[in-house]
Amino acid sequence: MSKKEVDWRERFPEDVTCIRCLQVKPVQELDRLLWCEECLVRARRRSVRRGWMAGALLAAVLGLYIWLFIQPDLSLIPTAWAATLAVAFYLGGRVARELIFGWERLANRRAVEAAPPNHGVPEDR
């Protein structure tokens with residue numbers, strides 16, 4: 001007897017609400033955490049921005065450490081020190097980006113991307 005593989009989407013109705021933006025979408029457009037494509041793109045952009053800021057902060061802290069404590073002779077190999085800072089910026093930004101995006105997915109906060117209703121504002125008829 002063969003077992004039929006059960007897809008997680010079969011447990012839901014055809015239209016499901018995205019838990020991030022609260023918009024009703026077909027279940028085929030949502031991922032397993034019930035995020036729509038637009039919410040995934042927004043979360044990725046947010047994590048990219050924050051990741052590069054974290055990489056810049058890491059490079060700045062490393063630059064201060066090198067300048068104040070190591071006190072290198074800049075006549076020897078200044079490009080090596082600049083390359084060290086560039087690598088710290090790039091790798092720190094990439095690692096921070098993935099950690100931030102992973103944390104957003106893990107926390108899975110509801111209605112973060114939802115647009116608030118117009119309270120007290122009359123609608124055009």
# chains A, B, ... in the order shown; residues from 1 in each chain; ligands from 1
call {"tool": "closest_atom_pairs", "arguments": {"of": "stretch 4-56 of chain A", "to": "stretch 80-101 of chain A", "cutoff": "10 Å", "atoms": "only C-alpha atoms", "output": "tab-separated table"}}
result
residue	atom	partner	partner_atom	distance
A:Leu40	CA	A:Phe101	CA	9.5
A:Ala43	CA	A:Phe101	CA	6.8
A:Arg44	CA	A:Phe101	CA	6.5
A:Arg45	CA	A:Phe101	CA	9.3
A:Arg46	CA	A:Phe101	CA	8.2
A:Ser47	CA	A:Arg97	CA	5.1
A:Val48	CA	A:Arg97	CA	5.4
A:Arg49	CA	A:Arg97	CA	7.9
A:Arg50	CA	A:Arg97	CA	6.7
A:Gly51	CA	A:Arg97	CA	4.1
A:Trp52	CA	A:Gly93	CA	4.5
A:Met53	CA	A:Gly93	CA	7.1
A:Ala54	CA	A:Gly93	CA	5.8
A:Gly55	CA	A:Gly93	CA	3.9
A:Ala56	CA	A:Phe89	CA	5.4
call {"tool": "write_last_selection", "arguments": {"atoms": "N, CA and C atoms", "output": "CSV table (one decimal), in the first residue's frame"}}
result
chain,number,residue,atom,x,y,z
A,40,LEU,N,7.4,38.9,2.3
A,40,LEU,CA,8.7,38.4,2.2
A,40,LEU,C,9.7,39.4,1.6
A,43,ALA,N,10.4,42.1,4.2
A,43,ALA,CA,11.2,41.7,5.3
A,43,ALA,C,12.7,41.5,4.8
A,44,ARG,N,12.9,41.0,3.6
A,44,ARG,CA,14.2,40.9,3.0
A,44,ARG,C,14.9,42.3,2.9
A,45,ARG,N,14.1,43.3,2.3
A,45,ARG,CA,14.7,44.6,2.2
A,45,ARG,C,15.1,45.2,3.5
A,46,ARG,N,14.2,45.0,4.5
A,46,ARG,CA,14.5,45.5,5.9
A,46,ARG,C,15.7,44.9,6.4
A,47,SER,N,15.8,43.6,6.3
A,47,SER,CA,17.0,42.9,6.8
A,47,SER,C,18.3,43.3,6.1
A,48,VAL,N,18.2,43.5,4.8
A,48,VAL,CA,19.4,44.0,4.0
A,48,VAL,C,19.8,45.3,4.5
A,49,ARG,N,18.9,46.3,4.7
A,49,ARG,CA,19.3,47.6,5.3
A,49,ARG,C,19.9,47.5,6.6
A,50,ARG,N,19.3,46.7,7.5
A,50,ARG,CA,19.8,46.6,8.9
A,50,ARG,C,21.1,45.8,8.9
A,51,GLY,N,21.3,44.8,8.0
A,51,GLY,CA,22.5,44.1,7.9
A,51,GLY,C,23.7,44.9,7.5
A,52,TRP,N,23.5,45.8,6.5
A,52,TRP,CA,24.6,46.7,6.1
A,52,TRP,C,24.9,47.7,7.1
A,53,MET,N,23.9,48.1,7.9
A,53,MET,CA,24.2,49.0,9.0
A,53,MET,C,25.0,48.3,10.1
A,54,ALA,N,24.7,47.0,10.4
A,54,ALA,CA,25.5,46.3,11.3
A,54,ALA,C,26.9,46.0,10.8
A,55,GLY,N,27.0,45.8,9.5
A,55,GLY,CA,28.4,45.6,8.9
A,55,GLY,C,29.2,46.8,9.0
A,56,ALA,N,28.6,48.0,8.8
A,56,ALA,CA,29.3,49.3,8.9
A,56,ALA,C,29.7,49.5,10.4
call {"tool": "residues_around", "arguments": {"residues": "A:Cys39", "least_positions_apart": "4", "cutoff": "8 Å", "atoms": "only C-alpha atoms", "output": "ChimeraX atom specification"}}
result
/A:20-21,35,43,113
call {"tool": "write_last_selection", "arguments": {"atoms": "N, CA and C atoms", "output": "short mmCIF file (atom, residue, chain, number, x, y, z; two decimals), in the first residue's frame"}}
result
data_model
loop_
_atom_site.label_atom_id
_atom_site.label_comp_id
_atom_site.auth_asym_id
_atom_site.auth_seq_id
_atom_site.Cartn_x
_atom_site.Cartn_y
_atom_site.Cartn_z
N ARG A 20 0.99 38.65 8.06
CA ARG A 20 1.79 39.88 8.16
C ARG A 20 1.01 41.11 7.72
N CYS A 21 0.32 41.02 6.58
CA CYS A 21 -0.37 42.20 6.03
C CYS A 21 -1.88 42.10 6.16
N TRP A 35 3.06 33.75 4.94
CA TRP A 35 3.53 35.06 4.51
C TRP A 35 3.34 35.14 3.00
N ALA A 43 10.36 42.14 4.17
CA ALA A 43 11.21 41.65 5.26
C ALA A 43 12.66 41.50 4.79
N GLU A 113 2.90 44.16 8.89
CA GLU A 113 2.84 44.87 7.62
C GLU A 113 1.44 45.40 7.32
#
call {"tool": "select_by_dssp", "arguments": {"residues": "chain A", "states": "strand (DSSP E or B)", "output": "PDB file with N, CA, C and O atoms, in the first residue's frame"}}
result
ATOM      1  N   ASP A  15      -8.725  30.472   0.039  1.00  0.00           N
ATOM      2  CA  ASP A  15      -8.237  31.812   0.355  1.00  0.00           C
ATOM      3  C   ASP A  15      -7.904  31.890   1.832  1.00  0.00           C
ATOM      4  O   ASP A  15      -8.709  31.525   2.689  1.00  0.00           O
ATOM      5  N   VAL A  16      -6.689  32.373   2.103  1.00  0.00           N
ATOM      6  CA  VAL A  16      -6.186  32.459   3.469  1.00  0.00           C
ATOM      7  C   VAL A  16      -5.650  33.867   3.686  1.00  0.00           C
ATOM      8  O   VAL A  16      -5.148  34.513   2.768  1.00  0.00           O
ATOM      9  N   THR A  17      -5.708  34.343   4.907  1.00  0.00           N
ATOM     10  CA  THR A  17      -5.190  35.665   5.254  1.00  0.00           C
ATOM     11  C   THR A  17      -3.709  35.584   5.564  1.00  0.00           C
ATOM     12  O   THR A  17      -3.281  34.758   6.368  1.00  0.00           O
ATOM     13  N   VAL A  24      -6.251  38.941   2.217  1.00  0.00           N
ATOM     14  CA  VAL A  24      -6.670  37.603   1.836  1.00  0.00           C
ATOM     15  C   VAL A  24      -6.048  37.261   0.489  1.00  0.00           C
ATOM     16  O   VAL A  24      -6.164  38.016  -0.471  1.00  0.00           O
ATOM     17  N   LYS A  25      -5.358  36.127   0.446  1.00  0.00           N
ATOM     18  CA  LYS A  25      -4.648  35.675  -0.756  1.00  0.00           C
ATOM     19  C   LYS A  25      -4.975  34.208  -0.982  1.00  0.00           C
ATOM     20  O   LYS A  25      -5.310  33.489  -0.042  1.00  0.00           O
ATOM     21  N   PRO A  26      -4.825  33.729  -2.216  1.00  0.00           N
ATOM     22  CA  PRO A  26      -4.948  32.279  -2.439  1.00  0.00           C
ATOM     23  C   PRO A  26      -3.847  31.546  -1.675  1.00  0.00           C
ATOM     24  O   PRO A  26      -2.723  32.017  -1.573  1.00  0.00           O
TER      25      PRO A  26
END
call {"tool": "select_by_dssp", "arguments": {"residues": "stretch 16-63 of chain A", "states": "alpha helix (DSSP H)", "output": "short mmCIF file (atom, residue, chain, number, x, y, z; two decimals) with C-alpha atoms, in the first residue's frame"}}
result
data_model
loop_
_atom_site.label_atom_id
_atom_site.label_comp_id
_atom_site.auth_asym_id
_atom_site.auth_seq_id
_atom_site.Cartn_x
_atom_site.Cartn_y
_atom_site.Cartn_z
CA GLU A 37 5.39 37.34 -1.48
CA GLU A 38 5.12 41.09 -0.80
CA CYS A 39 5.69 40.59 2.93
CA LEU A 40 8.70 38.38 2.22
CA VAL A 41 10.17 41.06 -0.08
CA ARG A 42 9.61 43.78 2.54
CA ALA A 43 11.21 41.65 5.26
CA ARG A 44 14.22 40.91 3.02
CA ARG A 45 14.68 44.61 2.20
CA ARG A 46 14.46 45.52 5.85
CA SER A 47 17.00 42.87 6.80
CA VAL A 48 19.37 44.00 4.01
CA ARG A 49 19.27 47.60 5.27
CA ARG A 50 19.82 46.58 8.87
CA GLY A 51 22.50 44.07 7.89
CA TRP A 52 24.59 46.68 6.06
CA MET A 53 24.22 49.04 9.03
CA ALA A 54 25.48 46.26 11.32
CA GLY A 55 28.38 45.58 8.93
CA ALA A 56 29.29 49.27 8.92
CA LEU A 57 29.18 49.33 12.71
CA LEU A 58 31.41 46.25 12.89
CA ALA A 59 33.90 47.78 10.46
CA ALA A 60 33.92 51.05 12.41
CA VAL A 61 34.53 49.27 15.72
CA LEU A 62 37.26 47.14 14.15
CA GLY A 63 38.82 50.26 12.60
#
call {"tool": "atom_distance", "arguments": {"atom1": "atom CA of A:Arg109", "atom2": "atom CA of A:Leu33"}}
result
10.7 Å
call {"tool": "atom_distance", "arguments": {"atom1": "atom CA of A:Leu22", "atom2": "atom CA of A:Ala111"}}
result
6.1 Å
call {"tool": "atom_distance", "arguments": {"atom1": "atom CA of A:Gly102", "atom2": "atom CA of A:Leu30"}}
result
17.4 Å
